[in-house]
Structures are given as C-alpha cells and as structure tokens.
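Novice: I'd like to ask some things about the structure below.
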Amino acid sequence: MFLFDYRFRRVILDEAQNIKTPSTLQFHGANSLQSEFKWCLTGTLVQNCEEDLFAIFKFLKVEVFSEEYWWNAYIKKCQNEEEKFNTLHTVLRPITLRRTKETKNLNGN
C-alpha cells in the first residue's frame, strides 16, 4: 500500500506556509492525503501575499472560502488593502488558534 491509499484520522502540516500555491507539487501531495481532520501549523501564515492563504483554505477544505469563485468575488475584488484585510480577518478568526509571546509568558512556557 502507498501513503495515499490510507485514510488518516488527522493530517497535521507543520510549516504549512510551504503549500502556498495550489499549483505546486507540495500542495498536491499534501492535499492528496485523505483524512477526517486537517490542521495547519505555521508561524508565518502569509509570506508574500494573501494568495498564500487560499492554498491553506483549499487544503483545509474550509467550506465556501476554499472555492475560487468566493476568493475571486470577495478577496480579489476588494477596493483596498484595508477592506481585504478585514474580510480575511473575519474569515480567519473562527478557524484560527493564535498563540502570541504574551500567551506563552502567561502559561509559563
């Protein structure tokens, strides 16, 4: 059996920013893994531009937001960077867990 023949309970991508473009081999390889749940870990959610997020949305299969028609209609058509940032922030808030240096210090870790 091959790795892609298995169905995993959970696939976790560490350094998830490496799948930043849906046309790359890294994205296709990661996206071909079958699992019930998918998680992404990264310290650098966006490296170059907001398009980096689209590949992560597609990998996670976040409903609606991983579809090109939504991305084109709501992100690419934003009038300015502030509007784009606010829209992405609204989408990311419920699906993101963020650990800051302040959080780390509060936990003693």
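Chain labels A, B, ... are given in the sequence in which chains occur in the structure tokens; within each chain residues are numbered consecutively from 1, and ligands are likewise numbered from 1 in the order shown.
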Using only C-alpha atoms, I'd like a table of the residues in region 28-55 of chain A that come within 8 Å of region 12-18 of chain A; for each, show the closest atom pair and its distance in Å rounded to one decimal, ordered by chain and ascending number, as CSV.
Specialist:
residue,atom,partner,partner_atom,distance
A:Ala30,CA,A:Leu13,CA,8.0
A:Lys38,CA,A:Ile12,CA,5.9
A:Trp39,CA,A:Ile12,CA,4.7
A:Cys40,CA,A:Leu13,CA,4.8
A:Leu41,CA,A:Asp14,CA,4.8
A:Thr42,CA,A:Glu15,CA,4.8
A:Gly43,CA,A:Glu15,CA,7.3
A:Thr44,CA,A:Gln17,CA,6.5
A:Leu45,CA,A:Gln17,CA,6.0
A:Val46,CA,A:Gln17,CA,7.0
A:Gln47,CA,A:Gln17,CA,7.2
A:Asp52,CA,A:Gln17,CA,7.1
Novice: Can those selected residues be exported to a file as a PDB file, in the first residue's frame so that it contains C-alpha atoms?
Specialist:
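again37.pdb written:
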ATOM      1  CA  ALA A  30      -0.447  17.329   0.967  1.00  0.00           C
ATOM      2  CA  LYS A  38      -6.770  18.534   8.693  1.00  0.00           C
ATOM      3  CA  TRP A  39      -4.728  21.001  10.704  1.00  0.00           C
ATOM      4  CA  CYS A  40      -2.139  23.563   9.651  1.00  0.00           C
ATOM      5  CA  LEU A  41       0.652  24.852  11.888  1.00  0.00           C
ATOM      6  CA  THR A  42       2.631  27.889  10.877  1.00  0.00           C
ATOM      7  CA  GLY A  43       4.400  30.838  12.350  1.00  0.00           C
ATOM      8  CA  THR A  44       4.124  32.653   9.020  1.00  0.00           C
ATOM      9  CA  LEU A  45       0.552  32.406   7.764  1.00  0.00           C
ATOM     10  CA  VAL A  46       1.195  34.797   4.873  1.00  0.00           C
ATOM     11  CA  GLN A  47       4.689  35.003   3.390  1.00  0.00           C
ATOM     12  CA  ASP A  52      -0.850  32.189   0.292  1.00  0.00           C
TER      13      ASP A  52
END
Novice: Do you know which residues are at most 12 Å from Phe57 (chain A) counting only C-alpha atoms, after dropping those on the same chain fewer than 2 positions away, and could you put them as a PyMOL selection string?
Specialist: chain A and resi 16-17+19-22+27+31+38-40+45+50-55+59-68+70-71+88+91-92+95-96
Novice: Take the selection from the previous step and output its residues with C-alpha atoms, as a PDB file, in the first residue's frame.
Specialist:
ATOM      1  CA  ALA A  16       2.008  24.930   6.356  1.00  0.00           C
ATOM      2  CA  GLN A  17       3.111  28.056   4.507  1.00  0.00           C
ATOM      3  CA  ILE A  19       1.911  24.787   0.366  1.00  0.00           C
ATOM      4  CA  LYS A  20       1.344  28.455  -0.502  1.00  0.00           C
ATOM      5  CA  THR A  21       0.318  27.936  -4.121  1.00  0.00           C
ATOM      6  CA  PRO A  22      -2.345  25.386  -5.180  1.00  0.00           C
ATOM      7  CA  PHE A  27       0.202  21.399  -2.290  1.00  0.00           C
ATOM      8  CA  ASN A  31      -3.925  17.731  -0.485  1.00  0.00           C
ATOM      9  CA  LYS A  38      -6.770  18.534   8.693  1.00  0.00           C
ATOM     10  CA  TRP A  39      -4.728  21.001  10.704  1.00  0.00           C
ATOM     11  CA  CYS A  40      -2.139  23.563   9.651  1.00  0.00           C
ATOM     12  CA  LEU A  45       0.552  32.406   7.764  1.00  0.00           C
ATOM     13  CA  GLU A  50      -2.925  36.969   0.626  1.00  0.00           C
ATOM     14  CA  GLU A  51      -2.949  34.303  -2.113  1.00  0.00           C
ATOM     15  CA  ASP A  52      -0.850  32.189   0.292  1.00  0.00           C
ATOM     16  CA  LEU A  53      -3.995  31.798   2.413  1.00  0.00           C
ATOM     17  CA  PHE A  54      -6.034  30.436  -0.466  1.00  0.00           C
ATOM     18  CA  ALA A  55      -3.913  27.257  -0.640  1.00  0.00           C
ATOM     19  CA  PHE A  59      -6.111  22.162   1.925  1.00  0.00           C
ATOM     20  CA  LEU A  60      -8.343  22.547   4.987  1.00  0.00           C
ATOM     21  CA  LYS A  61     -11.408  22.379   2.730  1.00  0.00           C
ATOM     22  CA  VAL A  62     -12.957  25.308   4.568  1.00  0.00           C
ATOM     23  CA  GLU A  63     -16.425  25.434   3.030  1.00  0.00           C
ATOM     24  CA  VAL A  64     -17.123  28.327   0.701  1.00  0.00           C
ATOM     25  CA  PHE A  65     -13.791  30.061   1.433  1.00  0.00           C
ATOM     26  CA  SER A  66     -11.764  27.419  -0.397  1.00  0.00           C
ATOM     27  CA  GLU A  67     -13.747  27.917  -3.589  1.00  0.00           C
ATOM     28  CA  GLU A  68     -12.238  30.057  -6.341  1.00  0.00           C
ATOM     29  CA  TRP A  70     -15.647  33.093  -3.430  1.00  0.00           C
ATOM     30  CA  TRP A  71     -11.979  34.102  -3.432  1.00  0.00           C
ATOM     31  CA  LEU A  88      -9.702  37.836   5.648  1.00  0.00           C
ATOM     32  CA  VAL A  91     -12.850  34.506   7.881  1.00  0.00           C
ATOM     33  CA  LEU A  92      -9.745  33.538   9.868  1.00  0.00           C
ATOM     34  CA  ILE A  95     -10.831  28.834  12.333  1.00  0.00           C
ATOM     35  CA  THR A  96      -7.546  30.066  13.799  1.00  0.00           C
TER      36      THR A  96
END
Novice: If you measure from CA of Leu33 (chain A) to CA of Asp5 (chain A), what distance in Å do you get, rounded to one decimal?
Specialist: 8.3 Å
Novice: Can you check which residues of region 29-83 of chain A DSSP gives as strand (DSSP E or B) on the backbone and send them as a list in words?
Specialist: Gln34, Ser35, Glu36, Phe37, Lys38, Trp39, Cys40 and Leu41 of chain A
Novice: Could the residues in this selection be saved with all heavy atoms as a PDB file, in the first residue's frame?
Specialist:
ATOM      1  N   GLN A  34      -5.687  11.650   2.498  1.00  0.00           N
ATOM      2  CA  GLN A  34      -7.083  11.553   2.921  1.00  0.00           C
ATOM      3  C   GLN A  34      -7.150  11.507   4.443  1.00  0.00           C
ATOM      4  O   GLN A  34      -6.430  10.734   5.073  1.00  0.00           O
ATOM      5  CB  GLN A  34      -7.710  10.292   2.354  1.00  0.00           C
ATOM      6  CG  GLN A  34      -7.708  10.245   0.842  1.00  0.00           C
ATOM      7  CD  GLN A  34      -8.232   8.919   0.356  1.00  0.00           C
ATOM      8  OE1 GLN A  34      -9.257   8.453   0.814  1.00  0.00           O
ATOM      9  NE2 GLN A  34      -7.501   8.307  -0.573  1.00  0.00           N
ATOM     10  N   SER A  35      -8.019  12.350   5.003  1.00  0.00           N
ATOM     11  CA  SER A  35      -8.153  12.353   6.459  1.00  0.00           C
ATOM     12  C   SER A  35      -9.514  12.895   6.858  1.00  0.00           C
ATOM     13  O   SER A  35     -10.180  13.589   6.092  1.00  0.00           O
ATOM     14  CB  SER A  35      -7.062  13.209   7.089  1.00  0.00           C
ATOM     15  OG  SER A  35      -7.251  14.563   6.765  1.00  0.00           O
ATOM     16  N   GLU A  36      -9.871  12.571   8.081  1.00  0.00           N
ATOM     17  CA  GLU A  36     -11.114  13.083   8.639  1.00  0.00           C
ATOM     18  C   GLU A  36     -10.943  14.551   9.046  1.00  0.00           C
ATOM     19  O   GLU A  36     -11.825  15.371   8.856  1.00  0.00           O
ATOM     20  CB  GLU A  36     -11.496  12.244   9.864  1.00  0.00           C
ATOM     21  CG  GLU A  36     -12.839  12.581  10.441  1.00  0.00           C
ATOM     22  CD  GLU A  36     -13.207  11.643  11.589  1.00  0.00           C
ATOM     23  OE1 GLU A  36     -12.550  10.594  11.775  1.00  0.00           O
ATOM     24  OE2 GLU A  36     -14.159  11.976  12.305  1.00  0.00           O
ATOM     25  N   PHE A  37      -9.779  14.861   9.598  1.00  0.00           N
ATOM     26  CA  PHE A  37      -9.472  16.222  10.036  1.00  0.00           C
ATOM     27  C   PHE A  37      -8.145  16.667   9.451  1.00  0.00           C
ATOM     28  O   PHE A  37      -7.239  15.853   9.276  1.00  0.00           O
ATOM     29  CB  PHE A  37      -9.369  16.301  11.570  1.00  0.00           C
ATOM     30  CG  PHE A  37     -10.610  15.860  12.276  1.00  0.00           C
ATOM     31  CD1 PHE A  37     -10.667  14.608  12.863  1.00  0.00           C
ATOM     32  CD2 PHE A  37     -11.717  16.685  12.352  1.00  0.00           C
ATOM     33  CE1 PHE A  37     -11.809  14.184  13.528  1.00  0.00           C
ATOM     34  CE2 PHE A  37     -12.869  16.270  13.003  1.00  0.00           C
ATOM     35  CZ  PHE A  37     -12.910  15.015  13.593  1.00  0.00           C
ATOM     36  N   LYS A  38      -8.030  17.958   9.170  1.00  0.00           N
ATOM     37  CA  LYS A  38      -6.770  18.534   8.693  1.00  0.00           C
ATOM     38  C   LYS A  38      -6.455  19.769   9.522  1.00  0.00           C
ATOM     39  O   LYS A  38      -7.332  20.586   9.771  1.00  0.00           O
ATOM     40  CB  LYS A  38      -6.867  18.910   7.209  1.00  0.00           C
ATOM     41  CG  LYS A  38      -7.000  17.714   6.305  1.00  0.00           C
ATOM     42  CD  LYS A  38      -6.999  18.103   4.857  1.00  0.00           C
ATOM     43  CE  LYS A  38      -7.049  16.855   3.983  1.00  0.00           C
ATOM     44  NZ  LYS A  38      -6.921  17.183   2.575  1.00  0.00           N
ATOM     45  N   TRP A  39      -5.206  19.852   9.942  1.00  0.00           N
ATOM     46  CA  TRP A  39      -4.728  21.001  10.704  1.00  0.00           C
ATOM     47  C   TRP A  39      -3.518  21.587   9.996  1.00  0.00           C
ATOM     48  O   TRP A  39      -2.767  20.872   9.331  1.00  0.00           O
ATOM     49  CB  TRP A  39      -4.279  20.590  12.095  1.00  0.00           C
ATOM     50  CG  TRP A  39      -5.331  20.078  13.021  1.00  0.00           C
ATOM     51  CD1 TRP A  39      -6.643  19.815  12.745  1.00  0.00           C
ATOM     52  CD2 TRP A  39      -5.143  19.734  14.390  1.00  0.00           C
ATOM     53  NE1 TRP A  39      -7.265  19.333  13.865  1.00  0.00           N
ATOM     54  CE2 TRP A  39      -6.376  19.277  14.890  1.00  0.00           C
ATOM     55  CE3 TRP A  39      -4.049  19.761  15.243  1.00  0.00           C
ATOM     56  CZ2 TRP A  39      -6.535  18.870  16.202  1.00  0.00           C
ATOM     57  CZ3 TRP A  39      -4.220  19.350  16.552  1.00  0.00           C
ATOM     58  CH2 TRP A  39      -5.448  18.918  17.019  1.00  0.00           C
ATOM     59  N   CYS A  40      -3.322  22.890  10.170  1.00  0.00           N
ATOM     60  CA  CYS A  40      -2.139  23.563   9.651  1.00  0.00           C
ATOM     61  C   CYS A  40      -1.458  24.311  10.788  1.00  0.00           C
ATOM     62  O   CYS A  40      -2.118  25.034  11.525  1.00  0.00           O
ATOM     63  CB  CYS A  40      -2.512  24.569   8.558  1.00  0.00           C
ATOM     64  SG  CYS A  40      -3.082  23.823   7.042  1.00  0.00           S
ATOM     65  N   LEU A  41      -0.153  24.123  10.913  1.00  0.00           N
ATOM     66  CA  LEU A  41       0.652  24.852  11.888  1.00  0.00           C
ATOM     67  C   LEU A  41       1.615  25.735  11.127  1.00  0.00           C
ATOM     68  O   LEU A  41       2.265  25.279  10.185  1.00  0.00           O
ATOM     69  CB  LEU A  41       1.447  23.890  12.774  1.00  0.00           C
ATOM     70  CG  LEU A  41       0.663  22.823  13.527  1.00  0.00           C
ATOM     71  CD1 LEU A  41       1.629  21.904  14.275  1.00  0.00           C
ATOM     72  CD2 LEU A  41      -0.325  23.447  14.482  1.00  0.00           C
TER      73      LEU A  41
END
Novice: In terms of the shortest atom-to-atom distance over only C-alpha atoms, which of A:Ser23, A:Gln79, A:Thr87, A:Ser32 is closest to Phe4 (chain A)?
Specialist: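 Looking at the shortest contact to Phe4 (chain A), the residue is A:Ser32.
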Novice: Please extract the residues of region 11-105 of chain A with a backbone DSSP assignment of alpha helix (DSSP H) and present them as a VMD selection string.
Specialist: chain A and resid 25 to 31 51 to 60 68 to 70 81 to 92 101 to 105
Novice: Which residue is closest to Gly29 (chain A)? Choose from A:Lys76, A:Glu83, A:Lys101, A:Leu3 and count only C-alpha atoms.
Specialist: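 So, comparing all the options, the nearest one is A:Leu3.
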Novice: State, in Å with one decimal place, the distance from CA of Asn80 (chain A) to CA of Ile56 (chain A).
Specialist: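 One can read the CA of Asn80 (chain A) to CA of Ile56 (chain A) distance as 22.5 Å.
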